[in-house]
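S.K.: Here's a structure for you.
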Amino acid sequence: MRAVPKFCPGCGNVIVLNSITSAIENLYGTIDDFVFLSGIGCAAWIPSPHIKADIIHTTHGRPITFATGVKLANPDLKVVVISGEGDLAGIGGNHLIHAARRNLEMTVICVNNLVYGMTGGQLSPTTPQGAITRTTLGGNIEYPFDLARLVAYVGASYAARWSTAHKMQLQKSIEKALKKGQKGFAFVEVISPCTTQFTRRNLKAFQAAKDELNLGEFIDVEREGFVERIRSNIRENHSMEVKP
């Protein structure tokens, strides 16, 4: 299932990769009915080339839209999106919000590097206030997104946040998200500061952010999923008597 990881030294993507594959092995033992989708960025390289499965690399910010098409075309597939916060919450933020609002049946794993790591360390939607980045040399003045709470608020069935320092909790949460993602929108945010572009410049800023950051599960409910509602609607319309 796994190839040798090719990430920067100390990168949390290795932990995320191992947590995902271990969760799948524990739950299913096979990846035959999985489809993985990702956009652009370091985290987008977690599924490919490291997992030998059906994988779709999409345009920047669009993995959830492609995943929507995959799920609607074949609802029996287990659809998993793996990408970074710049991809999913920056250019793809609107797709994230509406997929959660619709409660689309998929699992989304967002690796939060706190900056755009692959393209040089620019400000991202989750960069902590005061952090130094390539585009905020005087310190970030923006308020960051609280992704797990945002997704929980707009309608997801499951939302959780852990860091790469919490591997056991992270793996169990991914296992739960994989199961919940068959019935609704399941989201796991993984705090994984970029070792190349963020932590070496921002130890104080990260410490301040870490002290304020809540980890754990934010919502875990049973709600009818989008595809199931479509199926129900079709069944109801087909069963209606056609009147002249």
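Ordered as shown in the structure tokens, chains take letters A, B, and onward, while each chain numbers its residues from 1 and ligands are numbered from 1 in the order shown.
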Based on the backbone DSSP call, show me all residues of range 58-237 of chain A assigned helix (DSSP H, G or I), as JSON, numbers by chain.

M.R.: {"A": [63, 64, 65, 66, 67, 68, 69, 70, 71, 72, 73, 85, 86, 87, 88, 89, 90, 91, 93, 94, 95, 96, 97, 98, 99, 100, 101, 102, 147, 148, 149, 150, 151, 152, 153, 154, 167, 168, 169, 170, 171, 172, 173, 174, 175, 176, 177, 178, 179, 180, 203, 204, 205, 206, 207, 208, 209, 210, 211, 212, 226, 227, 228, 229, 230, 231, 232, 233, 234, 235, 236, 237]}

S.K.: Please provide the set of residues having any atom within 12 Å of Lys179 in chain A, restricted to only C-alpha atoms, with same-chain residues fewer than 6 positions apart removed, written as a PyMOL selection string.

M.R.: chain A and resi 23-24+26-28+78-80+105-108+157-158+172-173+185-187+220+222

S.K.: Take the selection from the previous step and output its residues with C-alpha atoms, as a JSON list (two decimals), in the first residue's frame.

M.R.:
[["chain", "number", "residue", "atom", "x", "y", "z"],
["A", 23, "ALA", "CA", -6.71, 3.35, 9.65],
["A", 24, "ILE", "CA", -7.70, 1.81, 6.30],
["A", 26, "ASN", "CA", -7.59, -1.68, 10.49],
["A", 27, "LEU", "CA", -11.06, -1.00, 9.12],
["A", 28, "TYR", "CA", -11.10, -2.63, 5.69],
["A", 78, "LYS", "CA", -15.25, 5.43, -0.58],
["A", 79, "VAL", "CA", -14.18, 8.96, -1.52],
["A", 80, "VAL", "CA", -11.29, 10.52, 0.42],
["A", 105, "GLU", "CA", -20.74, 11.67, 1.68],
["A", 106, "MET", "CA", -16.94, 11.88, 1.71],
["A", 107, "THR", "CA", -13.98, 12.09, 4.06],
["A", 108, "VAL", "CA", -11.74, 15.17, 3.90],
["A", 157, "SER", "CA", -21.65, 15.11, 10.27],
["A", 158, "TYR", "CA", -18.18, 14.81, 11.77],
["A", 172, "LYS", "CA", -8.68, 6.75, 15.66],
["A", 173, "SER", "CA", -10.26, 9.97, 14.45],
["A", 185, "PHE", "CA", -19.37, 14.87, 5.34],
["A", 186, "ALA", "CA", -16.48, 13.93, 7.64],
["A", 187, "PHE", "CA", -13.57, 16.30, 8.21],
["A", 220, "ASP", "CA", -20.33, 13.78, 15.66],
["A", 222, "GLU", "CA", -26.11, 11.34, 12.25]]

S.K.: Please provide as a list in words all residues within 9 Å of Ile15 in chain A, with the sequence filter that same-chain residues fewer than 4 positions apart are discarded (counting only C-alpha atoms).

M.R.: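 Returned residues: Cys11, Ser19, Ile20, Thr164, Ala165 and Lys167 of chain A.
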
S.K.: Please produce an output containing N, CA and C atoms for each residue in the selection, written as an mmCIF file, in the first residue's frame.

M.R.:
data_model
loop_
_atom_site.group_PDB
_atom_site.id
_atom_site.type_symbol
_atom_site.label_atom_id
_atom_site.label_comp_id
_atom_site.auth_asym_id
_atom_site.auth_seq_id
_atom_site.Cartn_x
_atom_site.Cartn_y
_atom_site.Cartn_z
ATOM 1 N N CYS A 11 8.948 16.543 8.329
ATOM 2 C CA CYS A 11 7.608 16.871 7.845
ATOM 3 C C CYS A 11 6.560 15.941 8.446
ATOM 4 N N SER A 19 -0.918 7.324 9.432
ATOM 5 C CA SER A 19 -2.203 7.281 10.147
ATOM 6 C C SER A 19 -3.336 6.890 9.202
ATOM 7 N N ILE A 20 -3.311 7.419 7.997
ATOM 8 C CA ILE A 20 -4.360 7.105 7.024
ATOM 9 C C ILE A 20 -4.298 5.642 6.602
ATOM 10 N N THR A 164 0.025 16.328 14.592
ATOM 11 C CA THR A 164 0.870 15.171 14.301
ATOM 12 C C THR A 164 1.574 14.653 15.552
ATOM 13 N N ALA A 165 1.487 15.383 16.656
ATOM 14 C CA ALA A 165 2.026 14.907 17.926
ATOM 15 C C ALA A 165 1.055 13.982 18.648
ATOM 16 N N LYS A 167 -0.572 10.985 17.450
ATOM 17 C CA LYS A 167 -0.763 9.994 16.392
ATOM 18 C C LYS A 167 -1.891 9.005 16.704
#

S.K.: Show which residues sit within 7 Å of Leu77 in chain A, as a PyMOL selection string. Count only C-alpha atoms, and ignore same-chain residues fewer than 5 positions away.

M.R.: chain A and resi 33-35+71

S.K.: Identify, with DSSP run on backbone atoms, the residues in range 84-203 of chain A assigned to strand (DSSP E), and express the list as a PyMOL selection string.

M.R.: chain A and resi 84+106-112+115-116+122-123+158-163+185-191

S.K.: Create the file for the chosen residues now, containing N, CA and C atoms and written as a PDB file, in the first residue's frame.

M.R.:
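The resulting file, part02.pdb, is reproduced below:
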ATOM      1  N   GLY A  84      -3.925  20.252   1.593  1.00  0.00           N
ATOM      2  CA  GLY A  84      -3.509  21.212   2.596  1.00  0.00           C
ATOM      3  C   GLY A  84      -4.520  22.318   2.806  1.00  0.00           C
ATOM      4  N   MET A 106     -18.363  12.031   1.993  1.00  0.00           N
ATOM      5  CA  MET A 106     -16.936  11.884   1.707  1.00  0.00           C
ATOM      6  C   MET A 106     -16.145  12.194   2.963  1.00  0.00           C
ATOM      7  N   THR A 107     -14.890  11.794   2.963  1.00  0.00           N
ATOM      8  CA  THR A 107     -13.976  12.088   4.061  1.00  0.00           C
ATOM      9  C   THR A 107     -12.918  13.061   3.552  1.00  0.00           C
ATOM     10  N   VAL A 108     -12.731  14.157   4.263  1.00  0.00           N
ATOM     11  CA  VAL A 108     -11.736  15.166   3.897  1.00  0.00           C
ATOM     12  C   VAL A 108     -10.705  15.277   5.018  1.00  0.00           C
ATOM     13  N   ILE A 109      -9.447  15.083   4.677  1.00  0.00           N
ATOM     14  CA  ILE A 109      -8.346  15.214   5.632  1.00  0.00           C
ATOM     15  C   ILE A 109      -7.523  16.424   5.208  1.00  0.00           C
ATOM     16  N   CYS A 110      -7.536  17.451   6.054  1.00  0.00           N
ATOM     17  CA  CYS A 110      -6.849  18.706   5.743  1.00  0.00           C
ATOM     18  C   CYS A 110      -5.594  18.814   6.593  1.00  0.00           C
ATOM     19  N   VAL A 111      -4.445  18.791   5.947  1.00  0.00           N
ATOM     20  CA  VAL A 111      -3.167  18.934   6.651  1.00  0.00           C
ATOM     21  C   VAL A 111      -2.847  20.421   6.737  1.00  0.00           C
ATOM     22  N   ASN A 112      -2.919  20.956   7.935  1.00  0.00           N
ATOM     23  CA  ASN A 112      -2.769  22.387   8.159  1.00  0.00           C
ATOM     24  C   ASN A 112      -1.308  22.712   8.461  1.00  0.00           C
ATOM     25  N   VAL A 115       1.155  27.643   6.611  1.00  0.00           N
ATOM     26  CA  VAL A 115       1.636  28.507   5.522  1.00  0.00           C
ATOM     27  C   VAL A 115       1.489  27.739   4.208  1.00  0.00           C
ATOM     28  N   TYR A 116       1.674  28.454   3.100  1.00  0.00           N
ATOM     29  CA  TYR A 116       1.800  27.786   1.809  1.00  0.00           C
ATOM     30  C   TYR A 116       3.235  27.257   1.715  1.00  0.00           C
ATOM     31  N   GLN A 122       4.261  31.512   1.926  1.00  0.00           N
ATOM     32  CA  GLN A 122       3.399  32.681   2.000  1.00  0.00           C
ATOM     33  C   GLN A 122       2.295  32.487   3.042  1.00  0.00           C
ATOM     34  N   LEU A 123       1.657  33.597   3.382  1.00  0.00           N
ATOM     35  CA  LEU A 123       0.523  33.594   4.311  1.00  0.00           C
ATOM     36  C   LEU A 123      -0.580  32.672   3.807  1.00  0.00           C
ATOM     37  N   TYR A 158     -19.294  15.076  10.875  1.00  0.00           N
ATOM     38  CA  TYR A 158     -18.176  14.811  11.771  1.00  0.00           C
ATOM     39  C   TYR A 158     -17.063  15.813  11.491  1.00  0.00           C
ATOM     40  N   ALA A 159     -16.496  16.369  12.548  1.00  0.00           N
ATOM     41  CA  ALA A 159     -15.356  17.275  12.418  1.00  0.00           C
ATOM     42  C   ALA A 159     -14.469  17.124  13.641  1.00  0.00           C
ATOM     43  N   ALA A 160     -13.166  17.000  13.396  1.00  0.00           N
ATOM     44  CA  ALA A 160     -12.206  16.828  14.488  1.00  0.00           C
ATOM     45  C   ALA A 160     -10.908  17.520  14.134  1.00  0.00           C
ATOM     46  N   ARG A 161     -10.103  17.796  15.154  1.00  0.00           N
ATOM     47  CA  ARG A 161      -8.782  18.385  14.934  1.00  0.00           C
ATOM     48  C   ARG A 161      -7.782  17.751  15.890  1.00  0.00           C
ATOM     49  N   TRP A 162      -6.668  17.302  15.309  1.00  0.00           N
ATOM     50  CA  TRP A 162      -5.546  16.780  16.088  1.00  0.00           C
ATOM     51  C   TRP A 162      -4.257  17.326  15.491  1.00  0.00           C
ATOM     52  N   SER A 163      -3.167  17.073  16.139  1.00  0.00           N
ATOM     53  CA  SER A 163      -1.869  17.449  15.585  1.00  0.00           C
ATOM     54  C   SER A 163      -1.079  16.177  15.296  1.00  0.00           C
ATOM     55  N   PHE A 185     -20.649  14.182   5.511  1.00  0.00           N
ATOM     56  CA  PHE A 185     -19.375  14.875   5.345  1.00  0.00           C
ATOM     57  C   PHE A 185     -18.556  14.737   6.630  1.00  0.00           C
ATOM     58  N   ALA A 186     -17.369  14.150   6.494  1.00  0.00           N
ATOM     59  CA  ALA A 186     -16.481  13.933   7.639  1.00  0.00           C
ATOM     60  C   ALA A 186     -15.174  14.672   7.391  1.00  0.00           C
ATOM     61  N   PHE A 187     -14.711  15.416   8.390  1.00  0.00           N
ATOM     62  CA  PHE A 187     -13.569  16.303   8.215  1.00  0.00           C
ATOM     63  C   PHE A 187     -12.595  16.130   9.374  1.00  0.00           C
ATOM     64  N   VAL A 188     -11.319  15.917   9.048  1.00  0.00           N
ATOM     65  CA  VAL A 188     -10.269  15.849  10.066  1.00  0.00           C
ATOM     66  C   VAL A 188      -9.188  16.862   9.698  1.00  0.00           C
ATOM     67  N   GLU A 189      -8.968  17.812  10.595  1.00  0.00           N
ATOM     68  CA  GLU A 189      -7.901  18.788  10.427  1.00  0.00           C
ATOM     69  C   GLU A 189      -6.682  18.305  11.211  1.00  0.00           C
ATOM     70  N   VAL A 190      -5.529  18.319  10.562  1.00  0.00           N
ATOM     71  CA  VAL A 190      -4.295  17.866  11.199  1.00  0.00           C
ATOM     72  C   VAL A 190      -3.319  19.041  11.269  1.00  0.00           C
ATOM     73  N   ILE A 191      -3.012  19.492  12.478  1.00  0.00           N
ATOM     74  CA  ILE A 191      -2.049  20.577  12.642  1.00  0.00           C
ATOM     75  C   ILE A 191      -0.648  20.009  12.438  1.00  0.00           C
TER      76      ILE A 191
END

S.K.: Which distance in Å separates CA of Ser124 in chain A and CA of Thr65 in chain A, to one decimal?

M.R.: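 It comes out at 20.7 Å.
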